[in-house]
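Encoded as structure tokens, the structure appears first; notes follow it.
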Amino acid sequence: MLGAAGAFIGMSVVAGLLVTAAVTPAIAVTGMAANNSIGVFEGLPEYLNVDQLAQPTTIYAKNGDQDVPLATFYSQNRLPVAFNQISQAAKDAAIAGEDPRFYSHGGVDIQGTVRGVLSTVAGGGVQGGSSITQQYVKNVLLQKCEALPVKTKEQKAKYQECVTDSTGVSPDRKVKEMKYAIGVEKKYSKDQILVGYLNIAGFGGSVYGIEAAAKYYYNTSAAALTPAQAASLIAIVNEPTSLKIDDPESKSNGAANGYAKNKERRDYILGKMYQYKKLTKAQYQEAVKTPIQPVITRSERGCQTAGGSAYFCDYVQKTILNDPAFGADKDTRASNLNRGGYKIYTSLDLQLQQVAEQTIADYVPPTYKNVDLGAVLTGVQPGTGRVLYMAQNRKYSQDPDVLNTSTDYTSINYATDQDYGGSNGFQVGSTYKVFTLAEWLKQGHSLNESVNANIRTYTHFKNSCTGDWGGSYRPTNDSYGEEGQRSAQNATTLSINTAFVSMASQLDLCEIRKDAEAFGVHPAAGGELNSDPGSVLGTNTIAPLTMATAFAGIANNGMTCTPIAIDKIVDGGGKEVPPPASKCTQAVDPAVANTMAKALQGPLQGGGTASGMNRTGKDMLGKTGTTDGNKQLWLVASTTKVAGAYWVGNVTGDQDMRRIYPTHGTTPAIARTAVMRTMMTAAVGKYGGDDFPDAPSKLTRGVQVAVPDLTGKTPDEAKSILSGLGLESADGGPQDSVAPAGTVSSTDPAPGTQVSKGTPITLFTSNGALVAVPNVVGQKFSDAQAALTAAGFKVKAQGGNNPASIVQAQDPAAGAPAKPGTQVTVALAAASAPPTPGSNG
């Protein structure tokens, strides 16, 4: 009795304040002086800031010119609608069931509230104690709580305190709610309040608002709800957990009688609608006879609904969670994503995406014979950085149960960096050689310039980043017969390891790293790129999207644009929000980039490592990559319009990609050309491609140098002279020559020939075995014979043997090299008589 009395007194205070609330607007209008009770009430806050309702965020992709939904994110499945988009039956059901005097009170229904107070004190059930306006206020306050983070213990406590303040049963909360309700009634019309209430109300689980409820429970719209359907949905609002109708086996719904509890409440509401003349008797009788027959239409959320595009969707989601434009921290960004009602229009081209998904499915299964097999096709648009497609061999899931029971699924996006849902990256092999090529050209070397590609041990490399490297490094090649002198172009076409390491040995490893960074290249797991000698051959672990971006930069005159996935964002209020923007920087001078593009057409042409890949008729560059043991395989290519990267290999483990046969009876190593041919052909078919700009002659042919005359120089002198001119030297061995033994006797190419820097000049050394034939033409035969004999030659005369005869010709010619003992033939003429004195001689 004491408890009941206390409750009666407490609730009486509320009732007294309710009377005050009822007259307060009149007092405010007439200017009557407020007594103490009114002063207390007026001291409470009146203004209630109605925030934007939590709404689903939808991500869109491009299908031709159309933007089509890809995935939806929400914490509350809500689809706000206007007053005229809600059936009259739903409006009538809400008023009849929750607040029959809604259009006549000023925000607080005194009669209903007092009845609720008396029922509570007497131990009965509460019957309509709060008006629709009060319920709207309570939901608005609760919405503010739902937006709070709840990860830490302190955050959870703050959240619970907020919920208690918004929904708890206490006189203080009730008075505050009433004051807010009166303020809302002053600011908004009745129709605005009613539609706000129907949009904000919870309908069980994550379903909020009358439109989402209509779709979820009855697969219809709020505008098309029948009286029976409307009353059934409004019934749920009274007790969302126990009266929702998506689980016929739920005991709280009365499994033995179907949805008995919902039907009981529904029929009560229908009765009220009939009582207030919102239904005719016939309509009422028809409605109550209608069984509860929901048509559950679930609204799936998250990226798992995006099918093969799920990894791109995940990339977009991570982009939002990582971008401060969407909130100060990840919790705020996640809340905004799930509650903000954004429309996010992405760069994904569903036509290319379909090609990528199908091509991956054709060549790389999700799993294969004890191989942790992964594969990615991803592409970007040069000049904009827009990500056009992103597919991988495994299916997407974030469900631990699925991931633990099926190896076909993964939550890891192999195409992206770790911070964007990706892996630690994969070694990129020879695709990384393009950055040594960039530095080679930047330092004034050319494609025609040759290097020594012989297998040898290196003990020193310049590295201005970390200090010069010292040690022992002996690279080898993927194929035999790739040694000797090789031009930079040939080294690129055939991807010769030893040639590129030889090139790097003439450069600064630090600058090669900086060139890679300029093209946007970075480790997938974060940190800095390694710049040891092995990095020249691709030991850094990088994401496929990063490599596609770098090659797009090469094809775009050296202008590299960071990848972006979002074209446009519209918030829940219809206002455009600036999306994350691509940052474009000039990685290398256009002349260097255009020369790289010329060189990188070689691998796709006859004899190249990806020969036959480009059958489009458009200019295309590309580069293969293969790591030690063939664990990771790459092929990256680009036109001026689309760049794409293909990676296939071991996610974990070390299986040889040249020794497994997952599809088409062939290995991934052989199939990669066909995979990228399919992908790039589709890309060219849609986006086309322009010719690459001409590369400057100085970077293709290089600076031309005349071969000097080194005859008579010692080999060391000759090599020093050649080195000073930027030319290489090669030993041609000894040869018969008139030059002093051990000196240079001749060169190949010959002196005066114009060659590119780096060209090897073959040096032949004299063995001293030859003697220059003396010049005896014009001499008397006797003198000529003596000179030739003294030089070690035999003499044969033609035209007699008169000692006074004059030599008219000789064979071998004067100065010709010949071995001692060689016969020299001289042609003689008769000696002329001395002139007679006084004649005309």
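Residue numbering restarts at 1 in every chain; chains get A, B, ... in the order shown in the structure tokens, and ligands count up from 1 in that same order.
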
> Contacts of stretch 476-478 of chain A at 7 Å or less, counting only C-alpha atoms, minus same-chain residues fewer than 2 places along, as a list of chain:residue names?
Replying inline: A:Ile455, A:Arg474, A:Tyr480, A:Ile496, A:Asn497, A:Thr498

Selection above as a file: N, CA and C atoms, as a short mmCIF file (atom, residue, chain, number, x, y, z; two decimals), in the first residue's frame:
```
data_model
loop_
_atom_site.label_atom_id
_atom_site.label_comp_id
_atom_site.auth_asym_id
_atom_site.auth_seq_id
_atom_site.Cartn_x
_atom_site.Cartn_y
_atom_site.Cartn_z
N ILE A 455 76.41 -13.40 -66.96
CA ILE A 455 76.23 -13.75 -65.55
C ILE A 455 77.54 -13.49 -64.82
N ARG A 474 74.70 -12.35 -57.39
CA ARG A 474 74.95 -13.01 -58.67
C ARG A 474 73.62 -13.42 -59.31
N TYR A 480 68.04 -19.74 -70.87
CA TYR A 480 69.44 -19.82 -71.29
C TYR A 480 69.66 -18.98 -72.55
N ILE A 496 65.45 -9.63 -69.62
CA ILE A 496 66.71 -10.27 -69.25
C ILE A 496 67.19 -9.72 -67.91
N ASN A 497 67.20 -10.57 -66.90
CA ASN A 497 67.58 -10.15 -65.55
C ASN A 497 68.98 -9.56 -65.51
N THR A 498 69.93 -10.28 -66.09
CA THR A 498 71.33 -9.86 -65.98
C THR A 498 71.57 -8.52 -66.65
#
```

>> I'd like to know which residues of stretch 526-611 of chain A are alpha helix (DSSP H) (by DSSP, run on the backbone); could you write them as a PyMOL selection string?
In response: chain A and resi 544-555+590-599

Output for the residues just chosen: all heavy atoms as a CSV table (one decimal), in the first residue's frame:
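Below you can see part09.csv, which holds the result:
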```csv
chain,number,residue,atom,x,y,z
A,544,PRO,N,48.1,-5.4,-56.8
A,544,PRO,CA,47.9,-5.3,-58.3
A,544,PRO,C,47.3,-3.9,-58.7
A,544,PRO,O,47.7,-3.4,-59.7
A,544,PRO,CB,46.9,-6.4,-58.5
A,544,PRO,CG,47.2,-7.4,-57.5
A,544,PRO,CD,47.6,-6.7,-56.3
A,545,LEU,N,46.4,-3.3,-57.9
A,545,LEU,CA,45.9,-2.0,-58.2
A,545,LEU,C,47.0,-1.0,-58.3
A,545,LEU,O,47.0,-0.1,-59.2
A,545,LEU,CB,44.8,-1.6,-57.2
A,545,LEU,CG,44.2,-0.2,-57.5
A,545,LEU,CD1,43.4,-0.2,-58.8
A,545,LEU,CD2,43.2,0.1,-56.3
A,546,THR,N,48.0,-1.1,-57.5
A,546,THR,CA,49.1,-0.1,-57.5
A,546,THR,C,49.9,-0.3,-58.8
A,546,THR,O,50.3,0.7,-59.4
A,546,THR,CB,50.0,-0.4,-56.3
A,546,THR,OG1,49.3,-0.2,-55.1
A,546,THR,CG2,51.2,0.5,-56.3
A,547,MET,N,50.1,-1.5,-59.3
A,547,MET,CA,50.9,-1.7,-60.5
A,547,MET,C,50.1,-1.2,-61.7
A,547,MET,O,50.7,-0.7,-62.6
A,547,MET,CB,51.3,-3.2,-60.6
A,547,MET,CG,52.3,-3.7,-59.6
A,547,MET,SD,53.8,-2.6,-59.4
A,547,MET,CE,54.6,-3.0,-61.0
A,548,ALA,N,48.8,-1.5,-61.7
A,548,ALA,CA,48.0,-0.9,-62.8
A,548,ALA,C,48.1,0.6,-62.9
A,548,ALA,O,48.1,1.2,-63.9
A,548,ALA,CB,46.5,-1.4,-62.6
A,549,THR,N,48.1,1.2,-61.7
A,549,THR,CA,48.2,2.7,-61.6
A,549,THR,C,49.5,3.2,-62.2
A,549,THR,O,49.5,4.2,-62.9
A,549,THR,CB,48.0,3.1,-60.2
A,549,THR,OG1,46.7,2.7,-59.7
A,549,THR,CG2,48.1,4.6,-60.0
A,550,ALA,N,50.6,2.5,-61.9
A,550,ALA,CA,51.9,2.9,-62.4
A,550,ALA,C,52.0,2.8,-63.9
A,550,ALA,O,52.5,3.7,-64.5
A,550,ALA,CB,53.0,2.0,-61.7
A,551,PHE,N,51.5,1.7,-64.4
A,551,PHE,CA,51.5,1.5,-65.9
A,551,PHE,C,50.6,2.5,-66.6
A,551,PHE,O,50.9,2.9,-67.7
A,551,PHE,CB,51.2,0.1,-66.3
A,551,PHE,CG,52.4,-0.8,-66.2
A,551,PHE,CD1,53.0,-1.1,-65.0
A,551,PHE,CD2,52.9,-1.5,-67.3
A,551,PHE,CE1,54.1,-1.9,-64.9
A,551,PHE,CE2,54.0,-2.3,-67.3
A,551,PHE,CZ,54.6,-2.5,-66.0
A,552,ALA,N,49.5,2.9,-65.9
A,552,ALA,CA,48.6,3.9,-66.5
A,552,ALA,C,49.4,5.2,-66.6
A,552,ALA,O,49.2,6.0,-67.5
A,552,ALA,CB,47.4,4.1,-65.6
A,553,GLY,N,50.3,5.5,-65.6
A,553,GLY,CA,51.1,6.7,-65.6
A,553,GLY,C,52.1,6.7,-66.8
A,553,GLY,O,52.3,7.7,-67.4
A,554,ILE,N,52.6,5.6,-67.1
A,554,ILE,CA,53.6,5.5,-68.2
A,554,ILE,C,52.8,5.8,-69.5
A,554,ILE,O,53.3,6.6,-70.3
A,554,ILE,CB,54.2,4.1,-68.3
A,554,ILE,CG1,55.0,3.8,-67.0
A,554,ILE,CG2,55.1,4.0,-69.6
A,554,ILE,CD1,55.5,2.3,-67.0
A,555,ALA,N,51.6,5.2,-69.7
A,555,ALA,CA,50.8,5.4,-70.9
A,555,ALA,C,50.3,6.8,-71.0
A,555,ALA,O,49.8,7.2,-72.1
A,555,ALA,CB,49.7,4.4,-70.9
A,590,PRO,N,57.7,13.7,-69.9
A,590,PRO,CA,57.0,13.0,-70.9
A,590,PRO,C,57.9,12.4,-71.9
A,590,PRO,O,57.5,11.3,-72.4
A,590,PRO,CB,56.2,14.2,-71.6
A,590,PRO,CG,56.0,15.2,-70.5
A,590,PRO,CD,57.2,15.1,-69.7
A,591,ALA,N,59.0,12.9,-72.3
A,591,ALA,CA,60.0,12.3,-73.2
A,591,ALA,C,60.4,11.0,-72.7
A,591,ALA,O,60.5,10.0,-73.4
A,591,ALA,CB,61.2,13.2,-73.5
A,592,VAL,N,60.7,10.9,-71.4
A,592,VAL,CA,61.1,9.6,-70.8
A,592,VAL,C,60.0,8.6,-70.8
A,592,VAL,O,60.1,7.4,-71.2
A,592,VAL,CB,61.6,9.8,-69.3
A,592,VAL,CG1,61.8,8.5,-68.6
A,592,VAL,CG2,62.9,10.7,-69.3
A,593,ALA,N,58.8,9.1,-70.4
A,593,ALA,CA,57.6,8.2,-70.4
A,593,ALA,C,57.3,7.7,-71.8
A,593,ALA,O,57.0,6.5,-72.0
A,593,ALA,CB,56.4,8.9,-69.8
A,594,ASN,N,57.4,8.5,-72.8
A,594,ASN,CA,57.1,8.1,-74.2
A,594,ASN,C,58.1,7.1,-74.7
A,594,ASN,O,57.8,6.2,-75.4
A,594,ASN,CB,57.0,9.3,-75.1
A,594,ASN,CG,55.9,10.2,-74.7
A,594,ASN,OD1,54.9,9.8,-74.1
A,594,ASN,ND2,56.0,11.5,-75.1
A,595,THR,N,59.4,7.2,-74.2
A,595,THR,CA,60.4,6.2,-74.6
A,595,THR,C,60.2,4.9,-73.9
A,595,THR,O,60.4,3.8,-74.4
A,595,THR,CB,61.8,6.8,-74.3
A,595,THR,OG1,61.9,8.1,-74.9
A,595,THR,CG2,62.9,5.9,-74.9
A,596,MET,N,59.7,5.0,-72.6
A,596,MET,CA,59.4,3.8,-71.9
A,596,MET,C,58.2,3.1,-72.6
A,596,MET,O,58.3,1.8,-72.7
A,596,MET,CB,58.9,4.1,-70.4
A,596,MET,CG,60.0,4.7,-69.6
A,596,MET,SD,59.4,5.3,-68.0
A,596,MET,CE,59.0,3.7,-67.2
A,597,ALA,N,57.2,3.8,-73.0
A,597,ALA,CA,56.1,3.2,-73.8
A,597,ALA,C,56.6,2.5,-75.0
A,597,ALA,O,56.1,1.4,-75.3
A,597,ALA,CB,55.1,4.3,-74.1
A,598,LYS,N,57.5,3.1,-75.7
A,598,LYS,CA,58.1,2.5,-76.9
A,598,LYS,C,58.8,1.2,-76.6
A,598,LYS,O,58.5,0.1,-77.2
A,598,LYS,CB,59.0,3.4,-77.6
A,598,LYS,CG,59.7,2.8,-78.9
A,598,LYS,CD,60.6,3.8,-79.6
A,598,LYS,CE,61.4,3.1,-80.7
A,598,LYS,NZ,60.5,2.6,-81.7
A,599,ALA,N,59.6,1.2,-75.5
A,599,ALA,CA,60.3,0.0,-75.1
A,599,ALA,C,59.3,-1.1,-74.7
A,599,ALA,O,59.5,-2.3,-75.0
A,599,ALA,CB,61.3,0.3,-74.0
```

Close residues, A:Asp323 itself excluded, 12 Å, only C-alpha atoms, min 4 positions apart in chain, as a PDB file with N, CA, C and O atoms, in the first residue's frame:
```
ATOM      1  N   VAL A 316      35.398   0.391 -51.910  1.00  0.00           N
ATOM      2  CA  VAL A 316      34.680   1.654 -51.730  1.00  0.00           C
ATOM      3  C   VAL A 316      34.372   1.879 -50.252  1.00  0.00           C
ATOM      4  O   VAL A 316      34.552   2.978 -49.717  1.00  0.00           O
ATOM      5  N   GLN A 317      33.909   0.826 -49.596  1.00  0.00           N
ATOM      6  CA  GLN A 317      33.590   0.933 -48.171  1.00  0.00           C
ATOM      7  C   GLN A 317      34.829   1.339 -47.373  1.00  0.00           C
ATOM      8  O   GLN A 317      34.776   2.240 -46.523  1.00  0.00           O
ATOM      9  N   LYS A 318      35.959   0.708 -47.655  1.00  0.00           N
ATOM     10  CA  LYS A 318      37.191   1.039 -46.934  1.00  0.00           C
ATOM     11  C   LYS A 318      37.657   2.450 -47.277  1.00  0.00           C
ATOM     12  O   LYS A 318      38.232   3.147 -46.431  1.00  0.00           O
ATOM     13  N   THR A 319      37.417   2.888 -48.510  1.00  0.00           N
ATOM     14  CA  THR A 319      37.766   4.254 -48.894  1.00  0.00           C
ATOM     15  C   THR A 319      37.012   5.258 -48.025  1.00  0.00           C
ATOM     16  O   THR A 319      37.582   6.242 -47.540  1.00  0.00           O
ATOM     17  N   GLY A 327      34.107  11.876 -41.698  1.00  0.00           N
ATOM     18  CA  GLY A 327      34.023  11.906 -40.249  1.00  0.00           C
ATOM     19  C   GLY A 327      35.399  11.961 -39.628  1.00  0.00           C
ATOM     20  O   GLY A 327      36.406  11.595 -40.249  1.00  0.00           O
ATOM     21  N   ALA A 328      35.436  12.398 -38.379  1.00  0.00           N
ATOM     22  CA  ALA A 328      36.717  12.623 -37.704  1.00  0.00           C
ATOM     23  C   ALA A 328      37.445  11.330 -37.386  1.00  0.00           C
ATOM     24  O   ALA A 328      38.668  11.308 -37.276  1.00  0.00           O
ATOM     25  N   ASP A 329      36.707  10.243 -37.200  1.00  0.00           N
ATOM     26  CA  ASP A 329      37.341   8.963 -36.876  1.00  0.00           C
ATOM     27  C   ASP A 329      36.555   7.845 -37.544  1.00  0.00           C
ATOM     28  O   ASP A 329      35.490   8.061 -38.128  1.00  0.00           O
ATOM     29  N   LYS A 330      37.083   6.614 -37.455  1.00  0.00           N
ATOM     30  CA  LYS A 330      36.462   5.499 -38.168  1.00  0.00           C
ATOM     31  C   LYS A 330      35.072   5.190 -37.644  1.00  0.00           C
ATOM     32  O   LYS A 330      34.183   4.796 -38.405  1.00  0.00           O
ATOM     33  N   ASP A 331      34.861   5.345 -36.335  1.00  0.00           N
ATOM     34  CA  ASP A 331      33.540   5.083 -35.776  1.00  0.00           C
ATOM     35  C   ASP A 331      32.511   6.047 -36.366  1.00  0.00           C
ATOM     36  O   ASP A 331      31.403   5.645 -36.738  1.00  0.00           O
ATOM     37  N   THR A 332      32.882   7.315 -36.446  1.00  0.00           N
ATOM     38  CA  THR A 332      31.970   8.306 -37.011  1.00  0.00           C
ATOM     39  C   THR A 332      31.718   8.023 -38.483  1.00  0.00           C
ATOM     40  O   THR A 332      30.581   8.129 -38.970  1.00  0.00           O
ATOM     41  N   ARG A 333      32.763   7.654 -39.206  1.00  0.00           N
ATOM     42  CA  ARG A 333      32.599   7.364 -40.629  1.00  0.00           C
ATOM     43  C   ARG A 333      31.707   6.145 -40.844  1.00  0.00           C
ATOM     44  O   ARG A 333      30.869   6.125 -41.751  1.00  0.00           O
ATOM     45  N   ALA A 334      31.895   5.128 -40.005  1.00  0.00           N
ATOM     46  CA  ALA A 334      31.051   3.934 -40.115  1.00  0.00           C
ATOM     47  C   ALA A 334      29.594   4.282 -39.838  1.00  0.00           C
ATOM     48  O   ALA A 334      28.675   3.797 -40.515  1.00  0.00           O
ATOM     49  N   ASN A 336      28.206   7.212 -40.252  1.00  0.00           N
ATOM     50  CA  ASN A 336      27.701   7.998 -41.380  1.00  0.00           C
ATOM     51  C   ASN A 336      27.378   7.109 -42.575  1.00  0.00           C
ATOM     52  O   ASN A 336      26.395   7.339 -43.290  1.00  0.00           O
ATOM     53  N   LEU A 337      28.222   6.102 -42.803  1.00  0.00           N
ATOM     54  CA  LEU A 337      27.974   5.176 -43.907  1.00  0.00           C
ATOM     55  C   LEU A 337      26.678   4.410 -43.686  1.00  0.00           C
ATOM     56  O   LEU A 337      25.859   4.250 -44.606  1.00  0.00           O
ATOM     57  N   ASP A 419      45.434  -1.517 -45.924  1.00  0.00           N
ATOM     58  CA  ASP A 419      44.555  -0.531 -45.296  1.00  0.00           C
ATOM     59  C   ASP A 419      43.197  -0.446 -45.981  1.00  0.00           C
ATOM     60  O   ASP A 419      42.262   0.149 -45.438  1.00  0.00           O
ATOM     61  N   TYR A 420      43.090  -1.021 -47.165  1.00  0.00           N
ATOM     62  CA  TYR A 420      41.829  -0.985 -47.903  1.00  0.00           C
ATOM     63  C   TYR A 420      41.250  -2.390 -48.048  1.00  0.00           C
ATOM     64  O   TYR A 420      40.587  -2.698 -49.043  1.00  0.00           O
ATOM     65  N   ILE A 564      40.976   6.168 -57.719  1.00  0.00           N
ATOM     66  CA  ILE A 564      39.760   6.583 -57.034  1.00  0.00           C
ATOM     67  C   ILE A 564      38.625   5.662 -57.477  1.00  0.00           C
ATOM     68  O   ILE A 564      38.646   5.126 -58.586  1.00  0.00           O
ATOM     69  N   ILE A 566      35.162   6.551 -56.461  1.00  0.00           N
ATOM     70  CA  ILE A 566      33.893   7.262 -56.291  1.00  0.00           C
ATOM     71  C   ILE A 566      33.864   8.490 -57.197  1.00  0.00           C
ATOM     72  O   ILE A 566      34.755   9.331 -57.139  1.00  0.00           O
ATOM     73  N   PRO A 578      31.724  16.472 -51.740  1.00  0.00           N
ATOM     74  CA  PRO A 578      32.916  16.238 -52.563  1.00  0.00           C
ATOM     75  C   PRO A 578      33.491  14.835 -52.316  1.00  0.00           C
ATOM     76  O   PRO A 578      33.770  14.474 -51.175  1.00  0.00           O
ATOM     77  N   PRO A 579      33.653  14.029 -53.357  1.00  0.00           N
ATOM     78  CA  PRO A 579      34.231  12.698 -53.178  1.00  0.00           C
ATOM     79  C   PRO A 579      35.746  12.778 -53.055  1.00  0.00           C
ATOM     80  O   PRO A 579      36.347  13.807 -53.393  1.00  0.00           O
ATOM     81  N   PRO A 580      36.393  11.727 -52.577  1.00  0.00           N
ATOM     82  CA  PRO A 580      37.865  11.715 -52.566  1.00  0.00           C
ATOM     83  C   PRO A 580      38.388  11.937 -53.984  1.00  0.00           C
ATOM     84  O   PRO A 580      37.909  11.318 -54.930  1.00  0.00           O
ATOM     85  N   ALA A 581      39.358  12.825 -54.117  1.00  0.00           N
ATOM     86  CA  ALA A 581      39.854  13.196 -55.441  1.00  0.00           C
ATOM     87  C   ALA A 581      41.172  12.489 -55.750  1.00  0.00           C
ATOM     88  O   ALA A 581      41.972  12.209 -54.861  1.00  0.00           O
TER      89      ALA A 581
END
```

> Can you tell me, as a list in words, what residues are no more than 8 Å from stretch 779-789 of chain A when counting only C-alpha atoms, ignoring any on the same chain fewer than 3 positions away?
Replying inline: Val773, Pro774, Val776, Gly792, Phe793, Lys794, Val795, Asn801, Asn802, Pro803, Ala804, Ser805, Ile806, Val807, Val824 and Leu828 of chain A

Residues of the last selection are to be written out with N, CA, C and O atoms, as a PDB file, in the first residue's frame.
```
ATOM      1  N   VAL A 773     104.247  -4.214 -97.303  1.00  0.00           N
ATOM      2  CA  VAL A 773     104.995  -4.323 -98.562  1.00  0.00           C
ATOM      3  C   VAL A 773     105.546  -2.944 -98.922  1.00  0.00           C
ATOM      4  O   VAL A 773     104.787  -1.972 -98.955  1.00  0.00           O
ATOM      5  N   PRO A 774     106.861  -2.850 -99.178  1.00  0.00           N
ATOM      6  CA  PRO A 774     107.444  -1.541 -99.521  1.00  0.00           C
ATOM      7  C   PRO A 774     106.875  -1.013-100.838  1.00  0.00           C
ATOM      8  O   PRO A 774     106.486  -1.789-101.718  1.00  0.00           O
ATOM      9  N   VAL A 776     107.601   0.257-104.279  1.00  0.00           N
ATOM     10  CA  VAL A 776     108.755   0.261-105.195  1.00  0.00           C
ATOM     11  C   VAL A 776     108.365   0.797-106.569  1.00  0.00           C
ATOM     12  O   VAL A 776     109.173   0.754-107.516  1.00  0.00           O
ATOM     13  N   GLY A 792     112.148  -9.127 -96.909  1.00  0.00           N
ATOM     14  CA  GLY A 792     111.794 -10.532 -96.727  1.00  0.00           C
ATOM     15  C   GLY A 792     110.873 -11.079 -97.773  1.00  0.00           C
ATOM     16  O   GLY A 792     110.324 -12.170 -97.602  1.00  0.00           O
ATOM     17  N   PHE A 793     110.659 -10.356 -98.855  1.00  0.00           N
ATOM     18  CA  PHE A 793     109.730 -10.817 -99.876  1.00  0.00           C
ATOM     19  C   PHE A 793     110.481 -11.393-101.064  1.00  0.00           C
ATOM     20  O   PHE A 793     111.635 -11.021-101.349  1.00  0.00           O
ATOM     21  N   LYS A 794     109.840 -12.296-101.780  1.00  0.00           N
ATOM     22  CA  LYS A 794     110.343 -12.800-103.036  1.00  0.00           C
ATOM     23  C   LYS A 794     109.891 -11.852-104.139  1.00  0.00           C
ATOM     24  O   LYS A 794     108.866 -11.199-104.004  1.00  0.00           O
ATOM     25  N   VAL A 795     110.652 -11.837-105.248  1.00  0.00           N
ATOM     26  CA  VAL A 795     110.345 -10.886-106.309  1.00  0.00           C
ATOM     27  C   VAL A 795     110.187 -11.634-107.623  1.00  0.00           C
ATOM     28  O   VAL A 795     110.960 -12.525-107.957  1.00  0.00           O
ATOM     29  N   ASN A 801     114.011  -8.414-117.298  1.00  0.00           N
ATOM     30  CA  ASN A 801     114.693  -8.287-116.008  1.00  0.00           C
ATOM     31  C   ASN A 801     115.868  -7.305-116.095  1.00  0.00           C
ATOM     32  O   ASN A 801     116.885  -7.460-115.424  1.00  0.00           O
ATOM     33  N   ASN A 802     115.681  -6.321-116.987  1.00  0.00           N
ATOM     34  CA  ASN A 802     116.698  -5.310-117.137  1.00  0.00           C
ATOM     35  C   ASN A 802     116.799  -4.512-115.842  1.00  0.00           C
ATOM     36  O   ASN A 802     115.817  -3.931-115.396  1.00  0.00           O
ATOM     37  N   PRO A 803     117.963  -4.500-115.231  1.00  0.00           N
ATOM     38  CA  PRO A 803     118.098  -3.784-113.948  1.00  0.00           C
ATOM     39  C   PRO A 803     117.718  -2.319-114.050  1.00  0.00           C
ATOM     40  O   PRO A 803     117.328  -1.703-113.051  1.00  0.00           O
ATOM     41  N   ALA A 804     117.819  -1.760-115.273  1.00  0.00           N
ATOM     42  CA  ALA A 804     117.516  -0.332-115.403  1.00  0.00           C
ATOM     43  C   ALA A 804     116.037  -0.071-115.689  1.00  0.00           C
ATOM     44  O   ALA A 804     115.602   1.089-115.731  1.00  0.00           O
ATOM     45  N   SER A 805     115.286  -1.145-115.915  1.00  0.00           N
ATOM     46  CA  SER A 805     113.848  -0.962-116.197  1.00  0.00           C
ATOM     47  C   SER A 805     113.142  -0.363-114.976  1.00  0.00           C
ATOM     48  O   SER A 805     113.507  -0.616-113.821  1.00  0.00           O
ATOM     49  N   ILE A 806     112.131   0.406-115.275  1.00  0.00           N
ATOM     50  CA  ILE A 806     111.384   1.096-114.207  1.00  0.00           C
ATOM     51  C   ILE A 806     110.155   0.278-113.808  1.00  0.00           C
ATOM     52  O   ILE A 806     109.414  -0.220-114.669  1.00  0.00           O
ATOM     53  N   VAL A 807     109.893   0.185-112.477  1.00  0.00           N
ATOM     54  CA  VAL A 807     108.710  -0.548-111.964  1.00  0.00           C
ATOM     55  C   VAL A 807     107.470   0.338-112.164  1.00  0.00           C
ATOM     56  O   VAL A 807     107.399   1.456-111.642  1.00  0.00           O
ATOM     57  N   VAL A 824     106.139 -10.861-104.444  1.00  0.00           N
ATOM     58  CA  VAL A 824     105.654  -9.586-104.918  1.00  0.00           C
ATOM     59  C   VAL A 824     105.973  -9.486-106.412  1.00  0.00           C
ATOM     60  O   VAL A 824     107.136  -9.621-106.815  1.00  0.00           O
ATOM     61  N   LEU A 828     107.536  -4.236-115.243  1.00  0.00           N
ATOM     62  CA  LEU A 828     108.642  -3.364-115.627  1.00  0.00           C
ATOM     63  C   LEU A 828     108.381  -2.731-116.989  1.00  0.00           C
ATOM     64  O   LEU A 828     107.715  -3.309-117.841  1.00  0.00           O
TER      65      LEU A 828
END
```

>> One decimal, in Å: what's the spacing between atom CA of A:His522 and atom CA of A:Met559?
In response: 16.8 Å

>> Which residues are near A:Ala89? Cut-off 8 Å, only C-alpha atoms, ignore same chain within fewer than 5 positions. Put them as a list of chain:residue names.
In response: A:Leu225, A:Thr226, A:Pro227, A:Ala230, A:Ala231

Taking only residues of stretch 211-271 of chain A that have an atom at most 12 Å from an atom of stretch 54-76 of chain A, what is each one's shortest atom pair and its distance in Å to one decimal, using only C-alpha atoms, in chain and number order, as a Markdown table?
```
| residue | atom | partner | partner_atom | distance |
| --- | --- | --- | --- | --- |
| A:Glu211 | CA | A:Gln55 | CA | 11.8 |
| A:Ala212 | CA | A:Gln76 | CA | 9.6 |
| A:Ala213 | CA | A:Gln76 | CA | 11.2 |
```

> Which residues, written as a PyMOL selection string, have at least one atom at most 9 Å from stretch 155-162 of chain A, with only C-alpha atoms counted and residues fewer than 2 positions away on the same chain left out?
Replying inline: chain A and resi 141-142+144-146+148-153+164-167

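The two atoms in question, atom CA of A:Thr384 and atom CA of A:Gly302, are spaced 27.2 Å apart.
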
>> Based on the backbone DSSP call, show me all residues of stretch 586-648 of chain A assigned strand (DSSP E), as a list in words.
In response: Gln586, Leu621, Gly622, Lys623, Thr624, Gly625, Thr626, Gln632, Leu633, Trp634, Leu635, Val636, Ala637, Ser638, Ala643, Gly644, Ala645, Tyr646, Trp647 and Val648 of chain A
